[in-house]
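Raw contents of structure.cif, mmCIF, C-alpha atoms:
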data_run
#
loop_
_atom_site.label_atom_id
_atom_site.label_comp_id
_atom_site.auth_asym_id
_atom_site.auth_seq_id
_atom_site.Cartn_x
_atom_site.Cartn_y
_atom_site.Cartn_z
CA MET E 1 135.65 67.24 134.48
CA ILE E 2 133.01 65.21 136.31
CA PRO E 3 129.42 66.38 135.91
CA SER E 4 127.91 67.16 139.32
CA PRO E 5 125.44 64.24 139.31
CA ILE E 6 128.30 61.69 139.62
CA ARG E 7 128.40 60.44 143.19
CA ILE E 8 131.26 58.45 144.72
CA ARG E 9 130.50 56.01 147.52
CA PRO E 10 132.07 52.96 149.18
CA ALA E 11 131.04 49.64 147.68
CA THR E 12 129.22 47.05 149.72
CA PRO E 13 129.31 43.27 149.22
CA GLY E 14 125.84 43.49 147.64
CA ASP E 15 127.22 45.67 144.82
CA GLY E 16 128.91 42.68 143.14
CA PRO E 17 126.53 42.52 140.13
CA PHE E 18 127.02 46.23 139.38
CA ILE E 19 130.81 46.00 139.73
CA GLU E 20 130.92 42.94 137.48
CA ARG E 21 128.89 44.73 134.79
CA VAL E 22 131.24 47.72 134.82
CA HIS E 23 134.31 45.48 134.78
CA ARG E 24 133.02 43.39 131.87
CA ASP E 25 131.67 46.30 129.80
CA ALA E 26 134.77 48.46 130.35
CA VAL E 27 137.09 45.72 129.11
CA ARG E 28 134.83 44.95 126.15
CA GLY E 29 134.83 48.69 125.36
CA ILE E 30 138.58 48.78 124.74
CA ALA E 31 138.75 49.35 121.00
CA GLY E 32 141.57 49.71 118.52
CA GLY E 33 144.17 48.83 121.12
CA PRO E 34 146.95 46.29 121.31
CA TYR E 35 144.69 43.43 122.42
CA SER E 36 142.50 41.32 120.15
CA ARG E 37 138.81 40.70 120.83
CA ALA E 38 139.69 37.13 121.92
CA GLU E 39 142.28 38.49 124.39
CA LEU E 40 139.74 40.93 125.84
CA GLU E 41 137.18 38.14 126.28
CA SER E 42 139.84 35.97 127.93
CA TRP E 43 140.60 38.86 130.32
CA ILE E 44 136.99 38.92 131.58
CA ALA E 45 136.39 35.17 131.48
CA GLY E 46 135.08 33.81 134.76
CA LEU E 47 133.97 37.11 136.26
CA HIS E 48 131.16 36.63 138.77
CA PRO E 49 129.52 38.97 141.29
CA ASP E 50 130.67 36.75 144.17
CA ARG E 51 134.29 37.49 143.23
CA TYR E 52 133.89 41.10 144.38
CA ARG E 53 132.05 40.18 147.57
CA GLN E 54 134.78 37.70 148.47
CA ALA E 55 137.48 40.28 147.70
CA MET E 56 135.84 42.71 150.13
CA ASP E 57 134.83 40.18 152.82
CA GLN E 58 137.81 37.81 152.79
CA GLN E 59 140.74 39.61 151.16
CA GLY E 60 140.45 43.09 152.63
CA GLU E 61 139.89 44.78 149.30
CA ARG E 62 138.30 48.22 149.49
CA MET E 63 136.22 49.59 146.64
CA LEU E 64 134.75 52.90 145.63
CA LEU E 65 131.90 53.21 143.15
CA ALA E 66 130.97 56.09 140.86
CA GLU E 67 127.22 56.37 140.32
CA ALA E 68 125.25 58.42 137.80
CA PRO E 69 121.51 59.05 137.75
CA GLY E 70 119.87 56.53 135.43
CA PRO E 71 122.53 53.93 134.71
CA GLY E 72 123.65 53.63 138.34
CA VAL E 73 127.22 52.38 138.82
CA VAL E 74 129.44 53.64 135.98
CA GLY E 75 132.90 53.07 137.45
CA PHE E 76 134.86 51.54 140.31
CA CYS E 77 138.29 51.50 141.86
CA SER E 78 139.51 48.78 144.19
CA TRP E 79 142.65 48.51 146.28
CA ARG E 80 144.24 46.39 148.96
CA VAL E 81 146.92 47.75 151.34
CA ARG E 82 149.02 49.83 148.90
CA SER E 83 148.08 48.26 145.57
CA VAL E 84 145.34 49.37 143.20
CA ILE E 85 143.69 46.17 142.01
CA GLY E 86 141.22 47.55 139.47
CA LEU E 87 140.04 50.81 137.98
CA TYR E 88 137.28 50.64 135.38
CA VAL E 89 134.78 53.10 133.90
CA LEU E 90 132.01 52.33 131.43
CA PRO E 91 132.90 53.41 127.88
CA GLY E 92 130.13 56.03 127.69
CA PHE E 93 131.55 57.74 130.78
CA THR E 94 135.26 57.86 129.98
CA GLY E 95 136.97 61.21 129.52
CA ARG E 96 134.90 62.89 132.25
CA GLY E 97 137.44 62.69 135.07
CA ILE E 98 135.69 59.82 136.84
CA ALA E 99 138.66 57.43 136.75
CA ARG E 100 141.03 60.15 137.93
CA ARG E 101 138.71 61.06 140.82
CA LEU E 102 138.35 57.42 141.89
CA LEU E 103 142.11 56.91 141.67
CA LEU E 104 142.87 60.06 143.69
CA MET E 105 140.47 58.94 146.41
CA ALA E 106 142.08 55.48 146.56
CA GLU E 107 145.55 57.07 146.70
CA ALA E 108 144.41 59.34 149.54
CA ALA E 109 143.18 56.32 151.52
CA ILE E 110 146.45 54.48 150.87
CA ALA E 111 148.47 57.52 151.99
CA ALA E 112 146.25 58.00 155.07
CA ALA E 113 147.06 54.40 156.03
CA GLY E 114 150.74 55.42 156.10
CA HIS E 115 151.96 54.03 152.79
CA GLY E 116 154.45 56.14 150.84
CA GLU E 117 153.78 54.59 147.46
CA VAL E 118 151.08 52.89 145.51
CA THR E 119 151.57 50.07 143.01
CA LEU E 120 149.38 48.67 140.27
CA GLY E 121 149.38 46.42 137.25
CA ALA E 122 148.33 48.19 134.07
CA SER E 123 147.07 47.02 130.73
CA LEU E 124 148.82 48.57 127.75
CA PRO E 125 145.81 50.77 126.83
CA ALA E 126 145.80 52.20 130.38
CA LEU E 127 149.52 53.14 130.47
CA PRO E 128 149.09 56.71 129.14
CA PHE E 129 146.35 57.45 131.69
CA TYR E 130 148.45 56.22 134.60
CA GLU E 131 151.53 58.06 133.36
CA ARG E 132 149.50 61.30 133.27
CA CYS E 133 148.52 60.54 136.88
CA GLY E 134 152.19 60.35 137.94
CA TYR E 135 152.89 56.63 137.72
CA ARG E 136 156.01 55.17 136.16
CA VAL E 137 156.60 51.73 134.71
CA THR E 138 158.82 49.52 136.86
CA HIS E 139 158.52 46.25 134.98
CA ARG E 140 156.95 44.95 131.77
CA HIS E 141 155.87 41.34 131.70
CA GLU E 142 153.20 38.92 130.52
CA TRP E 143 150.01 38.20 132.44
CA ARG E 144 147.90 35.04 132.08
CA THR E 145 144.24 36.02 131.91
CA ARG E 146 141.49 34.10 133.67
CA GLY E 147 140.67 32.65 130.25
CA GLY E 148 144.25 31.41 129.79
CA LEU E 149 145.58 33.80 127.14
CA ILE E 150 148.78 35.79 127.72
CA LEU E 151 148.75 39.61 127.53
CA PRO E 152 151.63 42.07 127.78
CA VAL E 153 151.15 44.36 130.80
CA ALA E 154 153.22 46.63 133.04
CA ASP E 155 153.74 47.07 136.76
CA MET E 156 153.72 50.72 137.82
CA VAL E 157 154.47 52.74 140.95
CA LYS E 158 153.77 56.24 142.26
CA THR E 159 155.28 57.97 145.29
CA LEU E 160 152.67 59.46 147.60
CA ALA E 161 152.84 62.28 150.09
CA VAL E 162 152.05 60.61 153.40
CA PRO E 163 150.12 62.91 155.74
CA ARG E 164 152.00 63.90 158.89
CA VAL E 165 150.38 62.86 162.12
CA GLY E 166 150.92 65.43 164.88
CA THR E 167 153.76 67.94 164.81
#
For this file, write the structure as structure tokens.
Amino acid sequence: MIPSPIRIRPATPGDGPFIERVHRDAVRGIAGGPYSRAELESWIAGLHPDRYRQAMDQQGERMLLAEAPGPGVVGFCSWRVRSVIGLYVLPGFTGRGIARRLLLMAEAAIAAAGHGEVTLGASLPALPFYERCGYRVTHRHEWRTRGGLILPVADMVKTLAVPRVGT
């Protein structure tokens, strides 16, 4: 469960450096999984704070941040229309319900916009988490990282309960 000091808030374009740090450190924190250290570094190659600002300003991506006293931003979830783009939590903060809370809030926003399902692309280490959250694999394939290496990944989907408007 999430300790009470964790606060969730919408990201702003100025949060790019904090989002990049979480993204980079969360990927580097994947240990003992199916991906090599070189594959993980290829995954995060080319990350830059401007990438997140542009995603929000120009691509319509919405982001939520999880903040803790002291370290500041410890996790984020981003989505566009009905697709979760990214969900990352710093290694020292995993297992506290932060990712689940961020994901549930993104799903609620997607459902409130009238979408009956949410899609995402998942890394192999993330599959068990998403399956516990009600997602199912629709397609396994290979993804070319920003650094050029190829990783096995999976596309996933979850049916959402769309809120009724008026009765």
Completion exercise
note - CA of Ala68 in chain E and CA of Gly121 in chain E are separated by 27.0 Å
Exercise for the section: Return the single residue from E:Leu120, E:Ile98, E:Leu47, E:Leu151 that is closest to Leu65 in chain E, with distances computed using all atoms listed in the file. Expected result: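 Closest to Leu65 in chain E of all the choices is E:Ile98.
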Exercise for the section: For Gly134 in chain E, work out the shell of residues within 12 Å, counting all atoms listed in the file and skipping chain neighbours fewer than 5 positions away, then give it as a list in words. Expected result: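 In the requested form, the answer reads Arg100, Leu103, Leu104, Glu107, Glu117, Val118, Thr119, Leu127, Pro128, Phe129, Met156, Val157, Lys158, Thr159 and Leu160 of chain E.
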Could those selected residues go to a file with C-alpha atoms, as a PDB file, in the frame of the given file?
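Saved file out-v7.pdb follows:
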ATOM      1  CA  ARG E 100     141.030  60.150 137.930  1.00  0.00           C
ATOM      2  CA  LEU E 103     142.110  56.910 141.670  1.00  0.00           C
ATOM      3  CA  LEU E 104     142.870  60.060 143.690  1.00  0.00           C
ATOM      4  CA  GLU E 107     145.550  57.070 146.700  1.00  0.00           C
ATOM      5  CA  GLU E 117     153.780  54.590 147.460  1.00  0.00           C
ATOM      6  CA  VAL E 118     151.080  52.890 145.510  1.00  0.00           C
ATOM      7  CA  THR E 119     151.570  50.070 143.010  1.00  0.00           C
ATOM      8  CA  LEU E 127     149.520  53.140 130.470  1.00  0.00           C
ATOM      9  CA  PRO E 128     149.090  56.710 129.140  1.00  0.00           C
ATOM     10  CA  PHE E 129     146.350  57.450 131.690  1.00  0.00           C
ATOM     11  CA  MET E 156     153.720  50.720 137.820  1.00  0.00           C
ATOM     12  CA  VAL E 157     154.470  52.740 140.950  1.00  0.00           C
ATOM     13  CA  LYS E 158     153.770  56.240 142.260  1.00  0.00           C
ATOM     14  CA  THR E 159     155.280  57.970 145.290  1.00  0.00           C
ATOM     15  CA  LEU E 160     152.670  59.460 147.600  1.00  0.00           C
TER      16      LEU E 160
END
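Under the PyMOL selection byres ((chain E and resi 85) around 9), the matching residues in the shown file are E:Glu61, E:Cys77, E:Ser78, E:Trp79, E:Arg80, E:Ser83, E:Val84, E:Gly86, E:Leu87, E:Thr119, E:Leu120, E:Gly121.
For range 138-149 of chain E, the residues within 7 Å (counting all atoms listed in the file, excluding itself and residues fewer than 6 positions away along the chain) are E:Glu39, E:Ser42, E:Trp43, E:Ile44, E:Ala45, E:Gly46, E:Asp155, E:Met156, E:Val157.
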Handout entry: Selected residue, from E:Val81, E:Asp50, E:Thr94, E:Ile150, that lies nearest to Ala109 in chain E when counting all atoms listed in the file
Key = E:Val81
Exercise for the section: For the file shown, report as a PyMOL selection string the outcome of the PyMOL selection byres ((chain E and resi 29-34) around 12) at residue level. Expected result: chain E and resi 21-28+35-41+43-44+88-94+123-127+151-153
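Residues with any atom within 8 Å of Glu20 in chain E, counting all atoms listed in the file and excluding same-chain neighbours fewer than 6 positions away, are Leu47, His48, Pro49 and Tyr52 of chain E.
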Let's have the selection written as an mmCIF file, in the frame of the given file, with C-alpha atoms.
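Okay, result_15.cif is ready:
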data_model
loop_
_atom_site.group_PDB
_atom_site.id
_atom_site.type_symbol
_atom_site.label_atom_id
_atom_site.label_comp_id
_atom_site.auth_asym_id
_atom_site.auth_seq_id
_atom_site.Cartn_x
_atom_site.Cartn_y
_atom_site.Cartn_z
ATOM 1 C CA LEU E 47 133.970 37.110 136.260
ATOM 2 C CA HIS E 48 131.160 36.630 138.770
ATOM 3 C CA PRO E 49 129.520 38.970 141.290
ATOM 4 C CA TYR E 52 133.890 41.100 144.380
#
Handout entry: Distance criterion (all atoms listed in the file): nearest to Pro71 in chain E out of E:Arg132, E:Arg96, E:Gly116, E:Phe18
Key = E:Phe18
Residues within 10 Å of Pro5 in chain E, only C-alpha atoms, excluding chain neighbours under 5 positions, as a compact mmCIF listing (two decimals) with C-alpha atoms, in the frame of the given file:
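Produced file out.txt, reproduced below:
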# COMPACT_ATOMS: atom_id res chain seq x y z
CA ALA E 66 130.97 56.09 140.86
CA GLU E 67 127.22 56.37 140.32
CA ALA E 68 125.25 58.42 137.80
CA PRO E 69 121.51 59.05 137.75
Exercise for the section: Write out as a ChimeraX atom specification which residues come within 8 Å of Arg53 in chain E when counting all atoms listed in the file, dropping same-chain ones fewer than 4 positions away. Expected result: /E:12-16,49,57
Fill in the blank from the handout: Between CA of Ala108 in chain E and CA of Val73 in chain E lies a distance of 21.4 Å
